[in-house]
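First up is the structure itself, then whatever we jot down about it.
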Amino acid sequence: MAEYIKLIDVTKCTGCRGCQVACKQWNSLPAEKTGFTGSLQNPADLSFTTWCLIRFDELEKDGKLKWIMRHDACMHCDWPACVKACPSPGALTRTDEGAVIHNPKFCIGCKSCAVACPFGIPKYSKAQDKIAKCTLCYDRITDGKQPACVTACNTGALLFGRKEEMLEKAHKRAEQVGGLVYPGNPKYETHVLTILPAGIAPKDLSQMNPDPKMPATVLWWKNLFKPFTLIGIGGVAGASLLHYLIKGPHEAHEKKEGEE
Amino acid sequence: MTNHWNDIQHSDCILIMGSNAAENHPISFKWVNEARAKRGAKLIHVDPRFTRTSATADIYARLRSGTDIAFLGGMINYALQKNRIQRDYVREYSDAAYLVNPDFKGPADLNGLFSGLEGTKYDKATWTYQLDENGNPKKDPSMQDPNCVFQLLKKHYARYTPEKVCGLTGTDPQDFEAVCDTFTATCKPEKSGTIMYAMGTTQHTYGSQNVRAFSVLQILLGNIGVAGGGINALRGESNVQGSTDHAALFHILPGYLKVPTSAQPTLAQYNEENTPKSNDPMNVNWWGNTPKYMASLMKAWWRDADLETAYSYLPKPDKGKNYSYLPIFSEMAHGKVKGLMVWGMNPAVGAPSSRMIRRALSKLDWMVAVDLWETETSAFWQKEAGVDPETIKTEVFMLPAAASVEKEGSVSNSGRWGQWRYKAVDPPGHAEDDLWIMNQLVYRLKDLYKAEGGAFPDPVLNLTWNYGKVGPNGRNTPSPREVAKEINGYFVVDKDIEDKATGTITKFKAGDMVPSFAILQDDGSTCSGNWLYCNSVTNTEFKMMKRDSTDPTGLGSYHNWSWCWPVNRRIIYNRASVDLEGNPWAKDKPVIWWNAMKKLWAGDVVDGGGAPGAKYPFIMINHGHAQLFAAGMTDGPFPEHYEPLESQVKNTMSAEQVSPVIARWDKKVKEEVCDPFIVEGCAAATFGSPEGKEFPIVCSTYRVVEHWQTGQMTRWLPWLAELVPHQFVEMSEELAREKGIHNGDKVRITSIRNQEGIEAYAMVTKRFKPFTINGQTVHQVGMTWHFGYKGLVTGGNANDLTPFIGDANTMIPEYKAFLVNIARMGR
């Protein structure tokens, strides 16, 4: 099975937000009742019903005004923290294609994934007691189609294809424009890459983690603590057995009248 | 567009001015990005506000709203001074070498005026070329004669020095220099530069002259007719090109034929006065065919009448009488219009000074609104409009209409491609397509005229109305394909036509489609609803339906995909893309080329025909050469800078503050007795007036990508309402500080026409900066005109503030530069 990458070329994005609407349309996500946010970014953040969002950042660099429009959605990590953190088997899965998908049927609404994600992607709905996020349009890409956002993009700011081809494209384009490929950390691979314009670093932009990694707490809990919890569970069972052998079956104390 | 959307990919430099293409024409950026990635093209954006277009540009230069001619005049001066012009192109293909009447005087001589001003109109007697004994313009090929167009142009723009220009526009001189240097580099024959523009260019009292300034610059640089060049009007609606081609405007008939005036009672006289003559064999003089087009049009409309009788049926306004948007609403405000059909239009939000417009609507006896939704216009009498319904006497009828995917028909895009569209789904409820509604209307009008007579029933009773299958009642179920056939035109009688060059005779039978407009006849034997579209339907092909994605020329012109007017020519004036021997100026992107062996043109459909050098390339222009000197304009043959009607800045270019020939309703209403709401709605905060001082801030209206026009197509859609849910006003941090406004505050914006003002949220941004204009600080703000009181999301209507004034040539309103004031309301 081939792995895929979605490429976000910020240098070509005009912030038309066709991707945002296409995402809602394909995934049948309802519109939110929004307010004035002080900028064109709207809704203000990703949510249970907004899985991708153009983030607008105005900044001045060397006396020149820059207005960066960045498509933000799930990065589809190669070794996803959300999957690692999730206690409910089948609720979050990393597929062979590289997509990280959620299954509401198994989601128990514990929010562990939302806490674990280095990009702040999974969003929780209290009403549904579930999380939701971008699926890389798993239902489309496994049918030979591109993700809805990529299909809607007309300026070439969003591309989708085989991992090797996209990696090559990303680095070539970054070189051409003198910018960075994000995350660009060989130890932290993702199935979404972002090309930033020359002179722009992740720290300059809102909601862009300059150093994404698997949170230590998730590793600590899952790799170190979880075995102990199993030991713990086993220990409780063992002690109960011992107690049974020594003391015999539990007898209900019958309450006698007058006794407290 | 002279070129097409996908031709932008061939450009070496893209100048976007008066347009926010990234937001309002998002698809264009596919090709802008293509040119940048593949050709290393530079993108320049010139705009008062840093927009989503500026964000991706290589060079951004800002200018104060309304100073485009100053800016472009400076660019023209730069090109002339530094000899950044394509000299051979200019000499051979433009009127630069023509000699002008020695009595002609321009603003350089007359302090801002051209010769011949009488009151508020120009007598153009001196705006003429010197003609030889054959009636052809006299030329000086050296372009040195002081009366030749080239020298007059040089003299005119010598006044547009960088200091003077930047003083008026507020542009950083370094940015201005960068724009001039980068764009005029396309003067090299092998390079091309394109200009993309939209309403930021046209919506001024001198909007037509803004476009003219583009023409002058592009002609000097040799950028017209070539791939990756041209002057490209980005149309704001999917079929606005089609609607102008088919005469949605009052002063033209289909195919840009002139509307006859009452001083032209006969067709013979109309033809005599509207058909240019030429004795120059190299001049194609296309408008010389006017009688053929007109006769064919008359036959399309009144098949059974002779040509003169048919012509007598045409309405003929008095010469100089204007029936465009503003005069119609002015007449309505005065109670002189009884009924109005509003068909897919929403003037209660879209018209200038729209508060006055809504009051004018209440003077109507009746209104028929044909639309997808109940718009602000059809609901102008409701409480949401801020009126008491009891006080409105107008009877309003609402006809629900089908949307674009619910009907069949053609759409002509900005690149002049007529593309057929098919019906995808049935319209909901009782909604019907426009053709069905029109068909019903015509039959019912015919019945009424038949039953009741009337002042002049003949034009309606005798109107040919035969589109589609005839039912048992003898009436048609209308078919858009039948309409398309008539638009193309067919023979109404059998006719033999001789090709004069070869002597061969072609026999046509009645009902045969006319294969091309060259075959249209002036004797009434052909009909054609629009000569420009002749060739779109033949006996064997419905070309607008063609969907062949092969690319025969390799230039991305896709000649077998849909059909393009005229005669499938994808780049107009393409004959200017080659030298006099037929060799393309740009070898790597040839539009046409001459095959000397076969003695044939290859590539696109060539303009004019004949061997290289045998015909002048600008076939639609009377003398065959591109016009640097355009006497057809009402306000001067060269573009000259004037200030917007409402401005706080003194015009330092001349003594004329505003264009001397614009229609001034603000003055007129002061002189006549009329309702106070008209006086208020037409008022203007003019330069130096006491009222003007109360409104110190320049305002411009515009659109965002998320909404469309008055919002009626988008504010009802939840996903789009979510993206931009409120009206907002963008302003600089400096102005916000002065006014004590914070980002996200509610503010009130007022103009002289609306002292109560409208509400909006403040969007305080670095993307607006105050201008320093000749030492004076000028603030500018901007807001969208998408909002009104109907829809899922509603908000303040920006046009309740805009001025009631139009361009001197076209009467397009000056939405892009007017004066307001702003105050904080709270959070």
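We label chains A, B, ... in the order they appear in the structure tokens, count residues from 1 in each chain, and number ligands from 1 in the order shown.
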Just list the residues in region 76-136 of chain A DSSP gives strand (DSSP E) on the backbone, as an mmCIF file with C-alpha atoms, in the first residue's frame.
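Output (out11.cif):
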data_model
loop_
_atom_site.group_PDB
_atom_site.id
_atom_site.type_symbol
_atom_site.label_atom_id
_atom_site.label_comp_id
_atom_site.auth_asym_id
_atom_site.auth_seq_id
_atom_site.Cartn_x
_atom_site.Cartn_y
_atom_site.Cartn_z
ATOM 1 C CA LEU A 92 -8.088 6.323 16.288
ATOM 2 C CA THR A 93 -6.099 4.478 13.643
ATOM 3 C CA ARG A 94 -3.099 5.234 11.515
ATOM 4 C CA VAL A 100 -4.939 9.100 10.839
ATOM 5 C CA ILE A 101 -8.639 8.458 11.067
ATOM 6 C CA HIS A 102 -11.142 8.489 13.893
ATOM 7 C CA LYS A 123 -11.604 18.766 18.818
ATOM 8 C CA TYR A 124 -14.137 17.617 21.366
ATOM 9 C CA SER A 125 -17.884 18.089 21.318
ATOM 10 C CA LYS A 130 -16.720 12.552 20.896
ATOM 11 C CA ILE A 131 -13.777 14.064 19.093
ATOM 12 C CA ALA A 132 -13.543 14.775 15.394
#
Per residue of chain B within 8 Å of chain A, what are the shortest atom pair and its distance in Å to one decimal, counting only C-alpha atoms, with rows by chain and residue number, as a Markdown table?
| residue | atom | partner | partner_atom | distance |
| --- | --- | --- | --- | --- |
| B:Ala22 | CA | A:Thr14 | CA | 5.8 |
| B:Glu23 | CA | A:Cys16 | CA | 6.2 |
| B:Pro26 | CA | A:Cys16 | CA | 7.0 |
| B:Ile27 | CA | A:Asn154 | CA | 6.0 |
| B:Phe29 | CA | A:Thr155 | CA | 5.5 |
| B:Lys30 | CA | A:Thr155 | CA | 4.2 |
| B:Trp31 | CA | A:Thr155 | CA | 7.9 |
| B:Asn33 | CA | A:Thr155 | CA | 6.8 |
| B:Arg52 | CA | A:Thr14 | CA | 5.7 |
| B:Thr53 | CA | A:Thr14 | CA | 7.0 |
| B:Ala55 | CA | A:Trp67 | CA | 5.4 |
| B:Thr56 | CA | A:Thr11 | CA | 6.9 |
| B:Val705 | CA | A:Cys16 | CA | 6.1 |
| B:Glu706 | CA | A:Cys16 | CA | 7.3 |
| B:Pro718 | CA | A:Ala31 | CA | 5.6 |
| B:Trp719 | CA | A:Ala31 | CA | 5.1 |
| B:Leu720 | CA | A:Val21 | CA | 7.6 |
| B:Glu722 | CA | A:Thr34 | CA | 5.6 |
| B:Leu723 | CA | A:Asn42 | CA | 5.3 |
| B:Val724 | CA | A:Asn42 | CA | 7.1 |
| B:Pro725 | CA | A:Gly35 | CA | 6.4 |
| B:His726 | CA | A:Phe36 | CA | 6.3 |
| B:Asn743 | CA | A:Gly38 | CA | 5.8 |
| B:Gly744 | CA | A:Gly38 | CA | 5.0 |
| B:Tyr761 | CA | A:Phe36 | CA | 7.3 |
| B:Ala762 | CA | A:Gly38 | CA | 7.5 |
| B:Met763 | CA | A:Gly38 | CA | 5.5 |
| B:Val764 | CA | A:Gly38 | CA | 7.5 |
| B:Lys766 | CA | A:Glu58 | CA | 7.3 |
| B:Arg767 | CA | A:Leu65 | CA | 7.6 |
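Between CA of Val100 (chain B) and CA of Pro137 (chain B) there is a distance of 8.7 Å.
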Could you find all residues in region 43-262 of chain B that DSSP calls helix (DSSP H, G or I) from the backbone, and write them as an MDAnalysis selection string?
chainID B and resid 52:56 68:81 87:93 95:97 107:110 124:126 149:157 162:169 173:187 199:202 207:220 240:245 254:256
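What separates CA of Ala170 (chain A) from CA of Val192 (chain A) is a distance of 10.5 Å.
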